[in-house]
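Novice: Sharing work-v6.csv below, CSV, N, CA and C atoms:
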chain,number,residue,atom,x,y,z
A,173,MET,N,186.8,40.7,80.1
A,173,MET,CA,185.5,40.9,79.6
A,173,MET,C,184.5,39.9,80.2
A,174,PRO,N,183.4,40.3,80.9
A,174,PRO,CA,182.5,39.3,81.5
A,174,PRO,C,181.8,38.5,80.4
A,175,GLU,N,181.5,37.3,80.8
A,175,GLU,CA,180.8,36.4,79.8
A,175,GLU,C,179.3,36.8,79.7
A,176,ARG,N,178.8,36.7,78.5
A,176,ARG,CA,177.4,37.1,78.2
A,176,ARG,C,176.5,36.1,78.7
A,177,LYS,N,175.3,36.5,79.2
A,177,LYS,CA,174.3,35.5,79.7
A,177,LYS,C,173.6,34.9,78.5
A,178,ASN,N,173.3,35.7,77.4
A,178,ASN,CA,172.7,35.2,76.2
A,178,ASN,C,173.5,35.5,75.0
A,179,SER,N,173.4,34.6,74.0
A,179,SER,CA,174.1,34.9,72.7
A,179,SER,C,173.4,36.0,72.0
A,180,GLU,N,174.1,36.5,71.0
A,180,GLU,CA,173.6,37.6,70.1
A,180,GLU,C,172.3,37.1,69.4
A,181,ALA,N,172.3,35.8,69.0
A,181,ALA,CA,171.1,35.3,68.3
A,181,ALA,C,169.9,35.2,69.3
A,182,ARG,N,170.2,34.8,70.5
A,182,ARG,CA,169.1,34.8,71.5
A,182,ARG,C,168.5,36.2,71.8
A,183,ILE,N,169.4,37.1,71.9
A,183,ILE,CA,169.0,38.5,72.1
A,183,ILE,C,168.2,39.0,70.9
A,184,ARG,N,168.6,38.8,69.7
A,184,ARG,CA,167.8,39.2,68.5
A,184,ARG,C,166.5,38.5,68.5
A,185,ALA,N,166.4,37.2,68.8
A,185,ALA,CA,165.2,36.5,68.8
A,185,ALA,C,164.2,37.0,69.9
A,186,ASN,N,164.7,37.3,71.1
A,186,ASN,CA,163.9,37.9,72.1
A,186,ASN,C,163.4,39.3,71.7
A,187,ASN,N,164.2,40.1,71.1
A,187,ASN,CA,163.8,41.4,70.7
A,187,ASN,C,162.8,41.3,69.6
A,188,LYS,N,162.9,40.4,68.6
A,188,LYS,CA,162.0,40.2,67.6
A,188,LYS,C,160.6,39.8,68.1
A,189,TYR,N,160.6,38.9,69.1
A,189,TYR,CA,159.3,38.4,69.7
A,189,TYR,C,158.7,39.6,70.4
A,190,ALA,N,159.5,40.3,71.2
A,190,ALA,CA,158.9,41.5,72.0
A,190,ALA,C,158.3,42.5,71.1
A,191,ALA,N,158.9,42.8,69.9
A,191,ALA,CA,158.4,43.8,69.0
A,191,ALA,C,157.1,43.3,68.4
A,192,LYS,N,156.9,42.0,68.2
A,192,LYS,CA,155.6,41.5,67.7
A,192,LYS,C,154.5,41.4,68.8
A,193,ALA,N,154.9,41.1,70.0
A,193,ALA,CA,153.9,40.7,71.0
A,193,ALA,C,153.6,41.9,71.9
A,194,TYR,N,154.4,42.9,72.0
A,194,TYR,CA,154.1,44.0,73.0
A,194,TYR,C,154.2,45.4,72.3
A,195,ASP,N,153.4,46.3,72.9
A,195,ASP,CA,153.6,47.7,72.6
A,195,ASP,C,154.4,48.3,73.7
A,196,ARG,N,155.2,49.3,73.4
A,196,ARG,CA,156.0,49.9,74.4
A,196,ARG,C,155.4,51.2,74.8
A,197,ILE,N,155.5,51.5,76.1
A,197,ILE,CA,155.1,52.8,76.7
A,197,ILE,C,156.2,53.2,77.7
A,198,ASN,N,156.8,54.3,77.4
A,198,ASN,CA,157.9,54.8,78.3
A,198,ASN,C,157.3,55.8,79.2
A,199,ILE,N,157.5,55.7,80.5
A,199,ILE,CA,157.1,56.7,81.5
A,199,ILE,C,158.2,57.3,82.2
A,200,ALA,N,158.0,58.5,82.7
A,200,ALA,CA,159.1,59.2,83.5
A,200,ALA,C,158.5,59.5,84.9
A,201,VAL,N,159.2,59.2,85.9
A,201,VAL,CA,158.8,59.4,87.3
A,201,VAL,C,159.9,60.3,87.9
A,202,PRO,N,159.5,61.1,89.0
A,202,PRO,CA,160.5,61.9,89.7
A,202,PRO,C,161.6,61.0,90.2
A,203,LYS,N,162.8,61.6,90.3
A,203,LYS,CA,164.0,60.9,90.8
A,203,LYS,C,163.6,60.3,92.2
A,204,GLY,N,164.0,59.0,92.4
A,204,GLY,CA,163.8,58.3,93.6
A,204,GLY,C,162.5,57.5,93.6
A,205,ARG,N,161.6,57.9,92.8
A,205,ARG,CA,160.3,57.2,92.8
A,205,ARG,C,160.3,55.8,92.2
A,206,LYS,N,161.2,55.6,91.2
A,206,LYS,CA,161.4,54.3,90.6
A,206,LYS,C,161.7,53.3,91.7
A,207,ALA,N,162.7,53.6,92.5
A,207,ALA,CA,163.1,52.7,93.6
A,207,ALA,C,161.9,52.4,94.5
A,208,GLU,N,161.1,53.4,94.8
A,208,GLU,CA,159.9,53.1,95.7
A,208,GLU,C,158.9,52.2,95.0
A,209,LEU,N,158.7,52.4,93.7
A,209,LEU,CA,157.8,51.6,93.0
A,209,LEU,C,158.3,50.2,92.8
A,210,GLN,N,159.6,50.0,92.6
A,210,GLN,CA,160.2,48.7,92.5
A,210,GLN,C,160.0,47.9,93.8
A,211,ALA,N,160.3,48.6,94.9
A,211,ALA,CA,160.2,48.0,96.3
A,211,ALA,C,158.7,47.6,96.5
A,212,HIS,N,157.8,48.4,96.1
A,212,HIS,CA,156.4,48.1,96.3
A,212,HIS,C,156.0,46.9,95.5
A,213,ALA,N,156.4,46.8,94.3
A,213,ALA,CA,156.1,45.7,93.4
A,213,ALA,C,156.8,44.4,94.0
A,214,GLU,N,158.0,44.5,94.4
A,214,GLU,CA,158.7,43.3,95.0
A,214,GLU,C,158.0,42.8,96.2
A,215,GLN,N,157.4,43.7,97.0
A,215,GLN,CA,156.7,43.2,98.2
A,215,GLN,C,155.5,42.4,97.8
A,216,ARG,N,155.0,42.6,96.6
A,216,ARG,CA,153.8,41.9,96.1
A,216,ARG,C,154.2,40.8,95.2
A,217,ARG,N,155.5,40.5,95.1
A,217,ARG,CA,156.1,39.5,94.3
A,217,ARG,C,155.7,39.6,92.8
A,218,GLU,N,155.8,40.9,92.3
A,218,GLU,CA,155.6,41.1,90.9
A,218,GLU,C,156.7,42.0,90.4
A,219,SER,N,156.8,42.0,89.1
A,219,SER,CA,157.8,42.9,88.4
A,219,SER,C,157.3,44.3,88.4
A,220,LEU,N,158.1,45.2,88.2
A,220,LEU,CA,157.7,46.6,88.1
A,220,LEU,C,156.8,46.8,86.9
A,221,ASN,N,157.1,46.2,85.8
A,221,ASN,CA,156.3,46.2,84.6
A,221,ASN,C,154.9,45.6,84.9
A,222,GLY,N,154.9,44.5,85.6
A,222,GLY,CA,153.6,43.8,85.9
A,222,GLY,C,152.8,44.7,86.9
A,223,PHE,N,153.4,45.3,87.8
A,223,PHE,CA,152.7,46.2,88.8
A,223,PHE,C,152.1,47.4,88.1
A,224,ILE,N,152.9,48.0,87.2
A,224,ILE,CA,152.4,49.2,86.5
A,224,ILE,C,151.2,48.8,85.6
A,225,GLY,N,151.4,47.7,84.9
A,225,GLY,CA,150.3,47.2,84.0
A,225,GLY,C,149.0,46.9,84.8
A,226,ARG,N,149.2,46.3,85.9
A,226,ARG,CA,148.0,46.0,86.8
A,226,ARG,C,147.4,47.3,87.3
A,227,ALA,N,148.2,48.2,87.7
A,227,ALA,CA,147.7,49.5,88.2
A,227,ALA,C,146.9,50.2,87.1
A,228,ILE,N,147.4,50.2,85.9
A,228,ILE,CA,146.7,50.8,84.8
A,228,ILE,C,145.3,50.1,84.5
A,229,GLU,N,145.3,48.8,84.5
A,229,GLU,CA,144.1,48.0,84.2
A,229,GLU,C,143.1,48.3,85.3
A,230,GLU,N,143.5,48.3,86.6
A,230,GLU,CA,142.5,48.6,87.7
A,230,GLU,C,142.0,50.0,87.6
A,231,GLN,N,142.8,51.0,87.2
A,231,GLN,CA,142.3,52.3,87.1
A,231,GLN,C,141.3,52.5,85.9
A,232,VAL,N,141.6,51.8,84.8
A,232,VAL,CA,140.7,51.9,83.7
A,232,VAL,C,139.4,51.3,84.1
A,233,LYS,N,139.4,50.1,84.8
A,233,LYS,CA,138.1,49.5,85.2
A,233,LYS,C,137.3,50.5,86.1
A,234,ARG,N,138.0,51.1,87.1
A,234,ARG,CA,137.3,52.1,88.0
A,234,ARG,C,136.8,53.3,87.2
A,235,ASP,N,137.6,53.8,86.2
A,235,ASP,CA,137.1,54.9,85.5
A,235,ASP,C,135.9,54.6,84.6
A,236,THR,N,135.9,53.4,84.0
A,236,THR,CA,134.8,53.1,83.1
A,236,THR,C,133.6,52.4,83.8
A,237,GLY,N,133.8,52.1,85.1
A,237,GLY,CA,132.7,51.5,85.8
A,237,GLY,C,132.4,50.0,85.4
A,238,ILE,N,133.5,49.4,84.9
A,238,ILE,CA,133.3,48.0,84.4
A,238,ILE,C,133.2,47.0,85.6
A,239,THR,N,133.7,47.3,86.7
A,239,THR,CA,133.6,46.4,87.8
A,239,THR,C,132.7,46.9,88.9
A,240,SER,N,132.1,45.9,89.6
A,240,SER,CA,131.2,46.3,90.7
A,240,SER,C,131.6,45.4,91.9
A,241,ALA,N,132.3,46.0,92.9
A,241,ALA,CA,132.8,45.2,94.0
A,241,ALA,C,131.6,44.7,94.9
A,242,GLY,N,131.8,43.4,95.3
A,242,GLY,CA,130.9,42.8,96.2
A,242,GLY,C,129.6,42.2,95.6
A,243,SER,N,129.5,42.3,94.3
A,243,SER,CA,128.3,41.7,93.7
A,243,SER,C,128.6,40.3,93.2
A,244,ASP,N,127.5,39.5,93.0
A,244,ASP,CA,127.7,38.1,92.5
A,244,ASP,C,128.2,38.1,91.1
A,245,SER,N,127.9,39.2,90.4
A,245,SER,CA,128.4,39.3,89.0
A,245,SER,C,129.3,40.5,88.9
A,246,PRO,N,130.6,40.3,89.2
A,246,PRO,CA,131.5,41.4,89.3
A,246,PRO,C,131.9,42.2,88.1
A,247,MET,N,131.3,41.8,86.9
A,247,MET,CA,131.7,42.5,85.7
A,247,MET,C,130.5,42.8,84.9
A,248,ILE,N,130.4,44.0,84.4
A,248,ILE,CA,129.3,44.3,83.5
A,248,ILE,C,129.9,44.6,82.1
A,249,THR,N,129.3,44.2,81.1
A,249,THR,CA,129.8,44.5,79.7
A,249,THR,C,128.8,45.4,79.0
A,250,LEU,N,129.3,46.5,78.5
A,250,LEU,CA,128.5,47.4,77.8
A,250,LEU,C,128.9,47.3,76.3
A,251,LEU,N,127.9,47.4,75.4
A,251,LEU,CA,128.2,47.5,74.0
A,251,LEU,C,129.0,48.7,73.8
A,252,PRO,N,129.9,48.7,72.8
A,252,PRO,CA,130.8,49.8,72.5
A,252,PRO,C,130.0,51.1,72.3
A,253,GLU,N,128.9,51.0,71.6
A,253,GLU,CA,128.1,52.3,71.3
A,253,GLU,C,127.4,52.8,72.6
A,254,THR,N,127.1,51.9,73.5
A,254,THR,CA,126.5,52.3,74.8
A,254,THR,C,127.5,52.9,75.7
A,255,LEU,N,128.7,52.4,75.7
A,255,LEU,CA,129.8,53.0,76.5
A,255,LEU,C,130.2,54.3,75.9
A,256,LYS,N,130.2,54.5,74.6
A,256,LYS,CA,130.5,55.7,74.0
A,256,LYS,C,129.5,56.8,74.4
A,257,THR,N,128.2,56.4,74.3
A,257,THR,CA,127.1,57.3,74.7
A,257,THR,C,127.2,57.7,76.1
A,258,ALA,N,127.4,56.7,77.0
A,258,ALA,CA,127.5,57.0,78.4
A,258,ALA,C,128.7,57.9,78.7
A,259,THR,N,129.8,57.7,78.0
A,259,THR,CA,131.0,58.5,78.2
A,259,THR,C,130.8,60.0,77.8
A,260,GLN,N,130.1,60.1,76.6
A,260,GLN,CA,129.8,61.5,76.2
A,260,GLN,C,128.9,62.2,77.1
A,261,ALA,N,127.8,61.5,77.6
A,261,ALA,CA,126.9,62.1,78.5
A,261,ALA,C,127.5,62.4,79.9
A,262,ALA,N,128.4,61.5,80.3
A,262,ALA,CA,129.1,61.8,81.6
A,262,ALA,C,130.0,63.0,81.5
A,263,ASN,N,130.7,63.1,80.4
A,263,ASN,CA,131.6,64.2,80.1
A,263,ASN,C,130.8,65.5,80.1
A,264,ALA,N,129.6,65.5,79.5
A,264,ALA,CA,128.8,66.7,79.4
A,264,ALA,C,128.3,67.2,80.7
A,265,THR,N,128.1,66.2,81.7
A,265,THR,CA,127.6,66.6,83.0
A,265,THR,C,128.7,66.8,84.0
A,266,GLY,N,129.9,66.4,83.6
A,266,GLY,CA,131.1,66.6,84.5
A,266,GLY,C,131.2,65.4,85.5
A,267,GLU,N,130.5,64.3,85.2
A,267,GLU,CA,130.5,63.2,86.1
A,267,GLU,C,131.5,62.1,85.6
A,268,ASN,N,132.0,61.3,86.5
A,268,ASN,CA,132.7,60.1,86.0
A,268,ASN,C,131.7,59.1,85.5
A,269,ILE,N,132.1,58.1,84.7
A,269,ILE,CA,131.2,57.2,84.1
A,269,ILE,C,130.4,56.4,85.1
A,270,PRO,N,131.1,55.8,86.2
A,270,PRO,CA,130.3,55.1,87.2
A,270,PRO,C,129.2,55.9,87.8
A,271,ALA,N,129.5,57.2,88.2
A,271,ALA,CA,128.5,58.0,88.8
A,271,ALA,C,127.3,58.3,87.8
A,272,PHE,N,127.7,58.6,86.5
A,272,PHE,CA,126.6,58.8,85.5
A,272,PHE,C,125.7,57.6,85.4
A,273,ILE,N,126.3,56.4,85.2
A,273,ILE,CA,125.5,55.2,85.0
A,273,ILE,C,124.7,54.9,86.2
A,274,ALA,N,125.2,55.1,87.4
A,274,ALA,CA,124.4,54.9,88.6
A,274,ALA,C,123.2,55.9,88.7
A,275,ARG,N,123.4,57.1,88.3
A,275,ARG,CA,122.3,58.1,88.3
A,275,ARG,C,121.3,57.7,87.2
A,276,ALA,N,121.8,57.3,86.0
A,276,ALA,CA,120.9,57.0,84.9
A,276,ALA,C,120.1,55.8,85.2
A,277,VAL,N,120.6,54.8,85.9
A,277,VAL,CA,119.9,53.6,86.3
A,277,VAL,C,118.8,54.0,87.3
A,278,GLN,N,119.1,54.8,88.3
A,278,GLN,CA,118.1,55.2,89.3
A,278,GLN,C,117.0,56.0,88.6
A,279,THR,N,117.4,56.9,87.7
A,279,THR,CA,116.3,57.7,87.1
A,279,THR,C,115.4,56.8,86.2
A,280,GLN,N,116.0,55.9,85.5
A,280,GLN,CA,115.2,55.0,84.6
A,280,GLN,C,114.4,54.1,85.4
A,281,ALA,N,114.9,53.6,86.6
A,281,ALA,CA,114.1,52.7,87.4
A,281,ALA,C,112.8,53.4,87.9
A,282,LYS,N,113.0,54.7,88.3
A,282,LYS,CA,111.8,55.5,88.7
A,282,LYS,C,110.8,55.7,87.6
A,283,ARG,N,111.3,56.0,86.4
A,283,ARG,CA,110.4,56.1,85.3
A,283,ARG,C,109.7,54.8,85.0
A,284,ASP,N,110.4,53.7,85.0
A,284,ASP,CA,109.8,52.4,84.8
A,284,ASP,C,108.7,52.1,85.8
A,285,GLN,N,109.0,52.4,87.1
A,285,GLN,CA,108.0,52.2,88.1
A,285,GLN,C,106.7,53.0,87.9
A,286,THR,N,106.9,54.2,87.4
A,286,THR,CA,105.7,55.0,87.1
A,286,THR,C,104.9,54.4,86.0
A,287,SER,N,105.6,53.9,84.9
A,287,SER,CA,104.9,53.2,83.8
A,287,SER,C,104.2,51.9,84.4
A,288,ILE,N,104.8,51.2,85.2
A,288,ILE,CA,104.2,50.0,85.8
A,288,ILE,C,103.0,50.3,86.6
A,289,ASP,N,103.1,51.4,87.4
A,289,ASP,CA,102.0,51.9,88.2
A,289,ASP,C,100.8,52.2,87.3
A,290,PHE,N,101.0,52.6,86.1
A,290,PHE,CA,99.9,53.0,85.1
A,290,PHE,C,99.5,51.7,84.3
A,291,GLY,N,100.1,50.6,84.6
A,291,GLY,CA,99.8,49.4,83.9
A,291,GLY,C,100.4,49.2,82.5
A,292,ILE,N,101.6,49.8,82.3
A,292,ILE,CA,102.3,49.8,81.0
A,292,ILE,C,103.7,49.1,81.3
A,293,ASN,N,104.0,48.2,80.4
A,293,ASN,CA,105.3,47.6,80.5
A,293,ASN,C,106.3,48.6,79.8
A,294,PRO,N,107.2,49.1,80.6
A,294,PRO,CA,108.1,50.2,80.1
A,294,PRO,C,109.0,49.7,79.0
A,295,SER,N,109.3,48.4,78.9
A,295,SER,CA,110.2,48.0,77.8
A,295,SER,C,109.5,47.7,76.5
A,296,THR,N,108.2,47.4,76.6
A,296,THR,CA,107.5,47.1,75.3
A,296,THR,C,106.4,48.1,75.0
A,297,GLY,N,105.9,48.8,76.0
A,297,GLY,CA,104.8,49.7,75.8
A,297,GLY,C,103.4,49.0,75.9
A,298,GLU,N,103.4,47.7,76.1
A,298,GLU,CA,102.2,46.9,76.1
A,298,GLU,C,101.5,47.1,77.5
A,299,THR,N,100.2,46.9,77.5
A,299,THR,CA,99.5,46.9,78.8
A,299,THR,C,99.8,45.7,79.6
A,300,ILE,N,100.0,45.9,80.9
A,300,ILE,CA,100.3,44.8,81.8
A,300,ILE,C,99.0,44.3,82.3
A,301,ASN,N,98.8,43.0,82.2
A,301,ASN,CA,97.6,42.4,82.7
A,301,ASN,C,97.8,42.1,84.2
A,302,ARG,N,97.1,42.9,85.0
A,302,ARG,CA,97.3,42.8,86.5
A,302,ARG,C,96.1,42.1,87.1
A,303,ARG,N,96.4,41.2,88.0
A,303,ARG,CA,95.3,40.5,88.7
A,303,ARG,C,95.0,41.2,89.9
A,304,GLU,N,93.8,41.0,90.4
A,304,GLU,CA,93.4,41.6,91.7
A,304,GLU,C,94.4,41.3,92.8
A,305,GLY,N,94.7,42.3,93.5
A,305,GLY,CA,95.6,42.1,94.7
A,305,GLY,C,97.1,42.2,94.3
A,306,LYS,N,97.4,42.4,93.1
A,306,LYS,CA,98.8,42.5,92.7
A,306,LYS,C,99.1,43.8,92.2
Take the structure in the file and give it back as structure tokens.
Specialist:
Amino acid sequence: MPERKNSEARIRANNKYAAKAYDRINIAVPKGRKAELQAHAEQRRESLNGFIGRAIEEQVKRDTGITSAGSDSPMITLLPETLKTATQAANATGENIPAFIARAVQTQAKRDQTSIDFGINPSTGETINRREGK
């Protein structure tokens, strides 16, 4: 009988810690795909679990529009109620969240410019004191 790497006590302790620290998600992939995914993860010097976790996080960020590539501020934070409203509106229009937010920002920027052109601060409704030439 081969010698065990860990004692029964160590195995129980590891399992107890894992149960407290992690949620489990079981996934099924077509036969042969697991080996491909493992090889892909190994090429990047990460575990299969780490690779899958990273892939999920990156997809969630893309789906929710939380990141913005190439900007000085790569992350935007939306209040939960704002994200909920944006998600509902995007779903109603059939857009993904980043496309909806981009369209909403462009639309609001045009509206704000119209208000400014009329001498009204769009965020407060107050009259803008404009000097000659500005």
Novice: Can you measure atom CA of Leu255 of chain A to atom CA of Ile228 of chain A for me? One decimal in Å is fine.
Specialist: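 Rounded to one decimal, the two atoms are 19.0 Å apart.
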Novice: Please report, as a PyMOL selection string, each residue of chain A to which DSSP assigns alpha helix (DSSP H) when run on this structure's backbone.
Specialist: chain A and resi 180-193+205-215+220-236+252-265+269-289
Novice: So how many Å separate atom CA of Phe272 of chain A and atom CA of Ile248 of chain A, to one decimal?
Specialist: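 Separation between atom CA of Phe272 of chain A and atom CA of Ile248 of chain A: 14.9 Å.
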Novice: Suppose you want the space between atom CA of Thr257 of chain A and atom CA of Pro270 of chain A; what is it in Å?
Specialist: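 If I compute the distance from atom CA of Thr257 of chain A to atom CA of Pro270 of chain A, I get 13.1 Å.
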Novice: For Ala261 of chain A, please output as a PyMOL selection string all residues within 12 Å (counting only C-alpha atoms; exclusion window: fewer than 3 positions along the same chain).
Specialist: chain A and resi 254-258+264-273+275-276
Novice: Residues of chain A in strand (DSSP E or B) according to DSSP, as a PDB file with N, CA and C atoms, keeping the file's coordinate frame?
Specialist:
ATOM      1  N   THR A 239     133.700  47.300  86.700  1.00  0.00           N
ATOM      2  CA  THR A 239     133.600  46.400  87.800  1.00  0.00           C
ATOM      3  C   THR A 239     132.700  46.900  88.900  1.00  0.00           C
ATOM      4  N   MET A 247     131.300  41.800  86.900  1.00  0.00           N
ATOM      5  CA  MET A 247     131.700  42.500  85.700  1.00  0.00           C
ATOM      6  C   MET A 247     130.500  42.800  84.900  1.00  0.00           C
ATOM      7  N   ILE A 292     101.600  49.800  82.300  1.00  0.00           N
ATOM      8  CA  ILE A 292     102.300  49.800  81.000  1.00  0.00           C
ATOM      9  C   ILE A 292     103.700  49.100  81.300  1.00  0.00           C
ATOM     10  N   THR A 299     100.200  46.900  77.500  1.00  0.00           N
ATOM     11  CA  THR A 299      99.500  46.900  78.800  1.00  0.00           C
ATOM     12  C   THR A 299      99.800  45.700  79.600  1.00  0.00           C
TER      13      THR A 299
END
Novice: Would you mind putting all heavy atoms back on segment 194-203 of chain A and writing the result as an mmCIF file, keeping the file's coordinate frame?
Specialist:
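Printed below is result-v7.cif as written:
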data_model
loop_
_atom_site.group_PDB
_atom_site.id
_atom_site.type_symbol
_atom_site.label_atom_id
_atom_site.label_comp_id
_atom_site.auth_asym_id
_atom_site.auth_seq_id
_atom_site.Cartn_x
_atom_site.Cartn_y
_atom_site.Cartn_z
ATOM 1 N N TYR A 194 154.400 42.900 72.000
ATOM 2 C CA TYR A 194 154.100 44.000 73.000
ATOM 3 C C TYR A 194 154.200 45.400 72.300
ATOM 4 O O TYR A 194 154.988 45.639 71.413
ATOM 5 C CB TYR A 194 155.171 43.964 74.091
ATOM 6 C CG TYR A 194 155.161 42.668 74.859
ATOM 7 C CD1 TYR A 194 156.145 41.706 74.654
ATOM 8 C CD2 TYR A 194 154.162 42.397 75.783
ATOM 9 C CE1 TYR A 194 156.139 40.506 75.354
ATOM 10 C CE2 TYR A 194 154.145 41.206 76.489
ATOM 11 C CZ TYR A 194 155.145 40.268 76.263
ATOM 12 O OH TYR A 194 155.123 39.082 76.958
ATOM 13 N N ASP A 195 153.400 46.300 72.900
ATOM 14 C CA ASP A 195 153.600 47.700 72.600
ATOM 15 C C ASP A 195 154.400 48.300 73.700
ATOM 16 O O ASP A 195 154.248 47.894 74.870
ATOM 17 C CB ASP A 195 152.192 48.450 72.544
ATOM 18 C CG ASP A 195 151.397 48.115 71.306
ATOM 19 O OD1 ASP A 195 152.012 47.892 70.249
ATOM 20 O OD2 ASP A 195 150.160 48.088 71.398
ATOM 21 N N ARG A 196 155.200 49.300 73.400
ATOM 22 C CA ARG A 196 156.000 49.900 74.400
ATOM 23 C C ARG A 196 155.400 51.200 74.800
ATOM 24 O O ARG A 196 154.974 52.013 74.014
ATOM 25 C CB ARG A 196 157.441 50.125 73.927
ATOM 26 C CG ARG A 196 158.219 48.816 73.770
ATOM 27 C CD ARG A 196 159.671 49.078 73.533
ATOM 28 N NE ARG A 196 160.712 48.602 74.385
ATOM 29 C CZ ARG A 196 160.673 48.037 75.568
ATOM 30 N NH1 ARG A 196 159.572 47.887 76.178
ATOM 31 N NH2 ARG A 196 161.752 47.630 76.184
ATOM 32 N N ILE A 197 155.500 51.500 76.100
ATOM 33 C CA ILE A 197 155.100 52.800 76.700
ATOM 34 C C ILE A 197 156.200 53.200 77.700
ATOM 35 O O ILE A 197 156.521 52.461 78.592
ATOM 36 C CB ILE A 197 153.752 52.687 77.491
ATOM 37 C CG1 ILE A 197 152.622 52.218 76.600
ATOM 38 C CG2 ILE A 197 153.433 54.021 78.149
ATOM 39 C CD1 ILE A 197 151.320 51.937 77.343
ATOM 40 N N ASN A 198 156.800 54.300 77.400
ATOM 41 C CA ASN A 198 157.900 54.800 78.300
ATOM 42 C C ASN A 198 157.300 55.800 79.200
ATOM 43 O O ASN A 198 156.544 56.730 78.789
ATOM 44 C CB ASN A 198 159.003 55.414 77.473
ATOM 45 C CG ASN A 198 159.678 54.378 76.590
ATOM 46 O OD1 ASN A 198 159.905 53.262 77.012
ATOM 47 N ND2 ASN A 198 159.971 54.760 75.365
ATOM 48 N N ILE A 199 157.500 55.700 80.500
ATOM 49 C CA ILE A 199 157.100 56.700 81.500
ATOM 50 C C ILE A 199 158.200 57.300 82.200
ATOM 51 O O ILE A 199 159.286 56.673 82.346
ATOM 52 C CB ILE A 199 156.040 56.086 82.467
ATOM 53 C CG1 ILE A 199 156.690 55.005 83.340
ATOM 54 C CG2 ILE A 199 154.848 55.527 81.743
ATOM 55 C CD1 ILE A 199 155.824 54.565 84.499
ATOM 56 N N ALA A 200 158.000 58.500 82.700
ATOM 57 C CA ALA A 200 159.100 59.200 83.500
ATOM 58 C C ALA A 200 158.500 59.500 84.900
ATOM 59 O O ALA A 200 157.312 59.885 84.984
ATOM 60 C CB ALA A 200 159.492 60.462 82.834
ATOM 61 N N VAL A 201 159.200 59.200 85.900
ATOM 62 C CA VAL A 201 158.800 59.400 87.300
ATOM 63 C C VAL A 201 159.900 60.300 87.900
ATOM 64 O O VAL A 201 161.032 60.267 87.532
ATOM 65 C CB VAL A 201 158.554 58.128 88.084
ATOM 66 C CG1 VAL A 201 157.390 57.336 87.498
ATOM 67 C CG2 VAL A 201 159.796 57.268 88.143
ATOM 68 N N PRO A 202 159.500 61.100 89.000
ATOM 69 C CA PRO A 202 160.500 61.900 89.700
ATOM 70 C C PRO A 202 161.600 61.000 90.200
ATOM 71 O O PRO A 202 161.432 59.852 90.595
ATOM 72 C CB PRO A 202 159.704 62.525 90.794
ATOM 73 C CG PRO A 202 158.278 62.502 90.329
ATOM 74 C CD PRO A 202 158.148 61.252 89.517
ATOM 75 N N LYS A 203 162.800 61.600 90.300
ATOM 76 C CA LYS A 203 164.000 60.900 90.800
ATOM 77 C C LYS A 203 163.600 60.300 92.200
ATOM 78 O O LYS A 203 163.008 60.891 93.030
ATOM 79 C CB LYS A 203 165.167 61.825 91.008
ATOM 80 C CG LYS A 203 165.826 62.230 89.727
ATOM 81 C CD LYS A 203 166.710 61.115 89.231
ATOM 82 C CE LYS A 203 167.490 61.580 88.013
ATOM 83 N NZ LYS A 203 168.154 60.486 87.363
#
